[in-house]
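K.L.:
Here you go, this is start19.tsv (TSV, N, CA and C atoms).
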chain	number	residue	atom	x	y	z
A	1	MET	N	0.84	-1.19	0.00
A	1	MET	CA	0.00	0.00	0.00
A	1	MET	C	0.88	1.24	0.00
A	2	HIS	N	0.46	2.27	-0.70
A	2	HIS	CA	1.20	3.52	-0.79
A	2	HIS	C	1.18	4.24	0.55
A	3	ASP	N	2.32	4.81	0.95
A	3	ASP	CA	2.40	5.45	2.27
A	3	ASP	C	1.79	6.84	2.34
A	4	GLY	N	1.46	7.45	1.20
A	4	GLY	CA	0.84	8.76	1.20
A	4	GLY	C	1.80	9.92	1.35
A	5	LEU	N	3.07	9.65	1.62
A	5	LEU	CA	4.04	10.72	1.81
A	5	LEU	C	4.88	10.98	0.57
A	6	THR	N	4.95	10.02	-0.32
A	6	THR	CA	5.69	10.18	-1.56
A	6	THR	C	4.76	9.87	-2.71
A	7	ASN	N	5.06	10.42	-3.87
A	7	ASN	CA	4.22	10.18	-5.03
A	7	ASN	C	5.08	9.70	-6.18
A	8	PRO	N	4.84	8.48	-6.64
A	8	PRO	CA	5.67	7.93	-7.71
A	8	PRO	C	5.44	8.59	-9.06
A	9	PHE	N	4.46	9.48	-9.19
A	9	PHE	CA	4.12	10.09	-10.47
A	9	PHE	C	4.76	11.45	-10.68
A	10	ILE	N	5.51	11.96	-9.70
A	10	ILE	CA	6.12	13.28	-9.83
A	10	ILE	C	7.28	13.19	-10.82
A	11	GLY	N	7.28	14.09	-11.77
A	11	GLY	CA	8.34	14.11	-12.78
A	11	GLY	C	8.83	15.51	-13.03
A	12	ASP	N	9.69	15.65	-14.03
A	12	ASP	CA	10.26	16.96	-14.37
A	12	ASP	C	9.20	17.97	-14.76
A	13	LYS	N	8.11	17.51	-15.39
A	13	LYS	CA	7.07	18.42	-15.84
A	13	LYS	C	6.48	19.21	-14.67
A	14	VAL	N	6.35	18.58	-13.51
A	14	VAL	CA	5.80	19.27	-12.35
A	14	VAL	C	6.69	20.42	-11.95
A	15	SER	N	8.00	20.21	-11.92
A	15	SER	CA	8.89	21.30	-11.51
A	15	SER	C	8.80	22.46	-12.49
A	16	ASN	N	8.59	22.19	-13.78
A	16	ASN	CA	8.41	23.26	-14.75
A	16	ASN	C	7.10	24.00	-14.50
A	17	GLU	N	6.04	23.28	-14.18
A	17	GLU	CA	4.75	23.91	-13.91
A	17	GLU	C	4.76	24.69	-12.61
A	18	MET	N	5.56	24.29	-11.65
A	18	MET	CA	5.61	24.95	-10.36
A	18	MET	C	6.02	26.42	-10.52
A	19	LYS	N	6.79	26.75	-11.54
A	19	LYS	CA	7.23	28.13	-11.76
A	19	LYS	C	6.05	29.04	-12.09
A	20	GLU	N	4.95	28.47	-12.58
A	20	GLU	CA	3.80	29.26	-12.98
A	20	GLU	C	2.80	29.47	-11.84
A	21	ILE	N	3.04	28.88	-10.71
A	21	ILE	CA	2.11	28.98	-9.59
A	21	ILE	C	2.28	30.33	-8.90
A	22	GLU	N	1.17	31.05	-8.78
A	22	GLU	CA	1.21	32.38	-8.19
A	22	GLU	C	0.60	32.45	-6.81
A	23	ASP	N	-0.29	31.51	-6.47
A	23	ASP	CA	-0.93	31.57	-5.16
A	23	ASP	C	-1.37	30.18	-4.71
A	24	PHE	N	-1.94	30.12	-3.54
A	24	PHE	CA	-2.37	28.85	-2.95
A	24	PHE	C	-3.36	28.11	-3.84
A	25	ASP	N	-4.32	28.83	-4.43
A	25	ASP	CA	-5.31	28.18	-5.27
A	25	ASP	C	-4.67	27.53	-6.49
A	26	ASP	N	-3.68	28.19	-7.10
A	26	ASP	CA	-2.96	27.59	-8.23
A	26	ASP	C	-2.25	26.32	-7.79
A	27	TRP	N	-1.61	26.37	-6.64
A	27	TRP	CA	-0.86	25.23	-6.11
A	27	TRP	C	-1.80	24.06	-5.84
A	28	LEU	N	-2.94	24.35	-5.21
A	28	LEU	CA	-3.90	23.30	-4.90
A	28	LEU	C	-4.51	22.72	-6.18
A	29	GLU	N	-4.85	23.58	-7.12
A	29	GLU	CA	-5.41	23.12	-8.39
A	29	GLU	C	-4.45	22.17	-9.09
A	30	LEU	N	-3.17	22.51	-9.12
A	30	LEU	CA	-2.17	21.65	-9.74
A	30	LEU	C	-2.12	20.29	-9.04
A	31	GLY	N	-2.12	20.32	-7.71
A	31	GLY	CA	-2.08	19.07	-6.95
A	31	GLY	C	-3.28	18.18	-7.23
A	32	ILE	N	-4.46	18.78	-7.32
A	32	ILE	CA	-5.67	18.01	-7.60
A	32	ILE	C	-5.63	17.47	-9.02
A	33	GLU	N	-5.26	18.34	-9.99
A	33	GLU	CA	-5.21	17.91	-11.38
A	33	GLU	C	-4.19	16.79	-11.59
A	34	ARG	N	-3.08	16.84	-10.89
A	34	ARG	CA	-2.03	15.84	-11.04
A	34	ARG	C	-2.30	14.58	-10.23
A	35	GLY	N	-3.30	14.60	-9.39
A	35	GLY	CA	-3.62	13.42	-8.59
A	35	GLY	C	-2.77	13.28	-7.35
A	36	PHE	N	-2.11	14.36	-6.91
A	36	PHE	CA	-1.30	14.31	-5.70
A	36	PHE	C	-2.16	14.40	-4.45
A	37	CYS	N	-3.36	14.99	-4.58
A	37	CYS	CA	-4.24	15.18	-3.44
A	37	CYS	C	-5.67	15.32	-3.94
A	38	GLY	N	-6.59	15.29	-3.01
A	38	GLY	CA	-7.99	15.55	-3.33
A	38	GLY	C	-8.35	16.97	-2.94
A	39	PRO	N	-9.57	17.38	-3.21
A	39	PRO	CA	-9.99	18.72	-2.82
A	39	PRO	C	-10.14	18.81	-1.30
A	40	PRO	N	-10.08	20.03	-0.76
A	40	PRO	CA	-10.28	20.18	0.67
A	40	PRO	C	-11.68	19.72	1.09
A	41	VAL	N	-11.73	19.00	2.19
A	41	VAL	CA	-13.00	18.59	2.80
A	41	VAL	C	-12.89	18.88	4.29
A	42	CYS	N	-14.02	18.94	4.96
A	42	CYS	CA	-14.04	19.17	6.40
A	42	CYS	C	-14.06	17.81	7.11
A	43	SER	N	-13.00	17.51	7.83
A	43	SER	CA	-12.96	16.21	8.52
A	43	SER	C	-14.05	16.12	9.59
A	44	THR	N	-14.46	17.24	10.15
A	44	THR	CA	-15.51	17.24	11.16
A	44	THR	C	-16.86	16.87	10.55
A	45	HIS	N	-17.21	17.49	9.43
A	45	HIS	CA	-18.53	17.30	8.84
A	45	HIS	C	-18.57	16.29	7.69
A	46	ASP	N	-17.47	16.14	6.96
A	46	ASP	CA	-17.43	15.25	5.81
A	46	ASP	C	-16.76	13.91	6.11
A	47	GLY	N	-16.00	13.86	7.18
A	47	GLY	CA	-15.23	12.66	7.48
A	47	GLY	C	-13.88	12.70	6.77
A	48	ILE	N	-13.02	11.78	7.14
A	48	ILE	CA	-11.69	11.70	6.55
A	48	ILE	C	-11.81	10.93	5.23
A	49	PRO	N	-11.29	11.48	4.13
A	49	PRO	CA	-11.37	10.77	2.85
A	49	PRO	C	-10.50	9.50	2.89
A	50	THR	N	-11.13	8.37	2.73
A	50	THR	CA	-10.42	7.09	2.76
A	50	THR	C	-10.91	6.19	1.63
A	51	SER	N	-10.09	5.21	1.31
A	51	SER	CA	-10.51	4.17	0.37
A	51	SER	C	-11.23	3.09	1.15
A	52	GLU	N	-11.91	2.21	0.46
A	52	GLU	CA	-12.58	1.09	1.14
A	52	GLU	C	-11.55	0.22	1.86
A	53	GLU	N	-10.39	0.03	1.24
A	53	GLU	CA	-9.32	-0.76	1.86
A	53	GLU	C	-8.89	-0.13	3.20
A	54	GLU	N	-8.74	1.19	3.21
A	54	GLU	CA	-8.36	1.87	4.46
A	54	GLU	C	-9.46	1.75	5.50
A	55	ASP	N	-10.72	1.84	5.08
A	55	ASP	CA	-11.82	1.66	6.02
A	55	ASP	C	-11.76	0.29	6.69
A	56	LEU	N	-11.45	-0.72	5.90
A	56	LEU	CA	-11.36	-2.08	6.44
A	56	LEU	C	-10.17	-2.23	7.38
A	57	GLU	N	-9.10	-1.48	7.13
A	57	GLU	CA	-7.92	-1.55	8.00
A	57	GLU	C	-8.24	-1.07	9.41
A	58	TRP	N	-9.23	-0.18	9.55
A	58	TRP	CA	-9.59	0.31	10.87
A	58	TRP	C	-10.07	-0.82	11.78
A	59	GLU	N	-10.53	-1.92	11.17
A	59	GLU	CA	-10.99	-3.06	11.96
A	59	GLU	C	-9.83	-3.78	12.63
A	60	GLU	N	-8.65	-3.74	12.01
A	60	GLU	CA	-7.48	-4.45	12.51
A	60	GLU	C	-6.50	-3.56	13.27
A	61	TYR	N	-6.26	-2.37	12.75
A	61	TYR	CA	-5.30	-1.45	13.37
A	61	TYR	C	-5.63	-0.03	12.93
A	62	ASP	N	-4.87	0.92	13.39
A	62	ASP	CA	-5.11	2.33	13.08
A	62	ASP	C	-4.23	2.78	11.91
A	63	PRO	N	-4.77	2.84	10.70
A	63	PRO	CA	-3.95	3.32	9.57
A	63	PRO	C	-3.73	4.82	9.67
A	64	CYS	N	-2.58	5.28	9.22
A	64	CYS	CA	-2.30	6.72	9.19
A	64	CYS	C	-2.96	7.32	7.96
A	65	VAL	N	-3.68	8.40	8.15
A	65	VAL	CA	-4.25	9.18	7.06
A	65	VAL	C	-3.65	10.57	7.22
A	66	HIS	N	-2.76	10.94	6.31
A	66	HIS	CA	-2.03	12.20	6.43
A	66	HIS	C	-2.93	13.37	6.05
A	67	VAL	N	-2.82	14.44	6.83
A	67	VAL	CA	-3.65	15.63	6.66
A	67	VAL	C	-2.74	16.84	6.49
A	68	ILE	N	-3.08	17.70	5.55
A	68	ILE	CA	-2.38	18.98	5.39
A	68	ILE	C	-3.38	20.07	5.73
A	69	ARG	N	-3.05	20.91	6.69
A	69	ARG	CA	-3.97	21.93	7.18
A	69	ARG	C	-3.68	23.29	6.56
A	70	PRO	N	-4.57	23.80	5.72
A	70	PRO	CA	-4.40	25.17	5.22
A	70	PRO	C	-4.69	26.18	6.33
A	71	TYR	N	-3.95	27.29	6.31
A	71	TYR	CA	-4.14	28.36	7.29
A	71	TYR	C	-4.76	29.58	6.60
A	72	SER	N	-5.53	30.35	7.34
A	72	SER	CA	-6.13	31.56	6.78
A	72	SER	C	-5.17	32.74	6.80
A	73	GLY	N	-4.07	32.61	7.51
A	73	GLY	CA	-3.07	33.67	7.58
A	73	GLY	C	-2.02	33.35	8.62
A	74	PRO	N	-1.01	34.20	8.76
A	74	PRO	CA	0.08	33.95	9.71
A	74	PRO	C	-0.38	33.80	11.16
A	75	GLU	N	-1.37	34.58	11.57
A	75	GLU	CA	-1.85	34.48	12.95
A	75	GLU	C	-2.52	33.14	13.20
A	76	HIS	N	-3.28	32.69	12.22
A	76	HIS	CA	-3.95	31.39	12.33
A	76	HIS	C	-2.91	30.27	12.39
A	77	LYS	N	-1.88	30.35	11.55
A	77	LYS	CA	-0.80	29.36	11.55
A	77	LYS	C	-0.16	29.29	12.94
A	78	ALA	N	0.16	30.44	13.49
A	78	ALA	CA	0.79	30.48	14.82
A	78	ALA	C	-0.14	29.90	15.88
A	79	ALA	N	-1.43	30.20	15.81
A	79	ALA	CA	-2.39	29.70	16.80
A	79	ALA	C	-2.53	28.18	16.71
A	80	VAL	N	-2.60	27.64	15.48
A	80	VAL	CA	-2.71	26.19	15.31
A	80	VAL	C	-1.44	25.51	15.83
A	81	GLU	N	-0.27	26.03	15.47
A	81	GLU	CA	0.98	25.43	15.91
A	81	GLU	C	1.14	25.49	17.43
A	82	GLU	N	0.64	26.55	18.04
A	82	GLU	CA	0.68	26.67	19.50
A	82	GLU	C	-0.20	25.61	20.16
A	83	ASN	N	-1.33	25.32	19.54
A	83	ASN	CA	-2.31	24.39	20.10
A	83	ASN	C	-2.07	22.93	19.71
A	84	HIS	N	-1.32	22.68	18.64
A	84	HIS	CA	-1.17	21.33	18.10
A	84	HIS	C	0.31	21.07	17.83
A	85	SER	N	1.03	20.52	18.79
A	85	SER	CA	2.48	20.35	18.66
A	85	SER	C	2.93	19.51	17.46
A	86	PRO	N	2.18	18.48	17.03
A	86	PRO	CA	2.64	17.75	15.84
A	86	PRO	C	2.73	18.64	14.59
A	87	SER	N	2.00	19.76	14.58
A	87	SER	CA	2.10	20.67	13.45
A	87	SER	C	3.47	21.33	13.36
A	88	THR	N	4.23	21.28	14.43
A	88	THR	CA	5.60	21.80	14.38
A	88	THR	C	6.63	20.68	14.34
A	89	TRP	N	6.52	19.67	15.20
A	89	TRP	CA	7.58	18.66	15.21
A	89	TRP	C	7.53	17.71	14.03
A	90	ARG	N	6.41	17.63	13.32
A	90	ARG	CA	6.37	16.82	12.09
A	90	ARG	C	6.82	17.61	10.86
A	91	ASP	N	7.08	18.89	11.03
A	91	ASP	CA	7.49	19.73	9.90
A	91	ASP	C	8.97	19.49	9.59
A	92	THR	N	9.21	18.71	8.56
A	92	THR	CA	10.59	18.46	8.12
A	92	THR	C	10.82	19.10	6.74
A	93	TRP	N	9.89	19.92	6.30
A	93	TRP	CA	9.96	20.50	4.95
A	93	TRP	C	10.33	21.97	4.95
A	94	SER	N	9.87	22.75	5.90
A	94	SER	CA	10.08	24.20	5.84
A	94	SER	C	11.51	24.57	6.22
A	95	LYS	N	11.89	25.76	5.80
A	95	LYS	CA	13.23	26.26	6.12
A	95	LYS	C	13.42	26.39	7.63
A	96	LYS	N	12.35	26.78	8.32
A	96	LYS	CA	12.40	26.91	9.78
A	96	LYS	C	12.81	25.60	10.43
A	97	ALA	N	12.26	24.49	9.92
A	97	ALA	CA	12.54	23.19	10.51
A	97	ALA	C	13.96	22.72	10.23
A	98	LYS	N	14.55	23.17	9.13
A	98	LYS	CA	15.88	22.72	8.72
A	98	LYS	C	17.01	23.50	9.38
A	99	VAL	N	16.68	24.62	10.00
A	99	VAL	CA	17.71	25.47	10.63
A	99	VAL	C	18.15	24.86	11.93
Let me see whether you can do it: turn the structure in this file into structure tokens.
P.N.:
Amino acid sequence: MHDGLTNPFIGDKVSNEMKEIEDFDDWLELGIERGFCGPPVCSTHDGIPTSEEEDLEWEEYDPCVHVIRPYSGPEHKAAVEENHSPSTWRDTWSKKAKV
């Protein structure tokens, strides 16, 4: 089963298209079009998007379903990170985390 953290379909074309991205909506649209992610849903009201196989895994063990949380702005980002420590210690991608 795919781990959800890497995508075997990423190629050189994506890096070329990344130069054309101007904002969050462009970035998200590219990810959805390329099949890297699905559209945003509310986990509270819509549930966590899973496959039938993942649903069945819940019967045996707890499968990881990775979530990316969009922020409404810098203050919201800071508030979420203050309240949810995994949002900081799982960050191995940002420049802040690499320093």
K.L.:
What is the distance, in Å and to one decimal place, between atom CA of Val80 of chain A and atom N of Ile48 of chain A?
P.N.:
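Computing the Euclidean distance for atom CA of Val80 of chain A and atom N of Ile48 of chain A yields 19.5 Å.
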K.L.:
I need the residue nearest Pro39 of chain A from this list: A:Pro74, A:Asn83, A:Asp25, A:Thr92. Use only C-alpha atoms for the distance.
P.N.:
A:Asp25
K.L.:
What is the distance between atom N of Thr44 of chain A and atom CA of Ser87 of chain A, in Å to one decimal?
P.N.:
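The value is 17.2 Å.
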K.L.:
What's the separation between atom CA of Ser43 of chain A and atom CA of Val67 of chain A, in Å to one decimal place?
P.N.:
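Atom-to-atom, atom CA of Ser43 of chain A and atom CA of Val67 of chain A are spaced 9.5 Å apart.
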K.L.:
If DSSP is run on the backbone, what residues of segment 2-96 of chain A are alpha helix (DSSP H)? A reply as a count of residues only would be ideal.
P.N.:
40
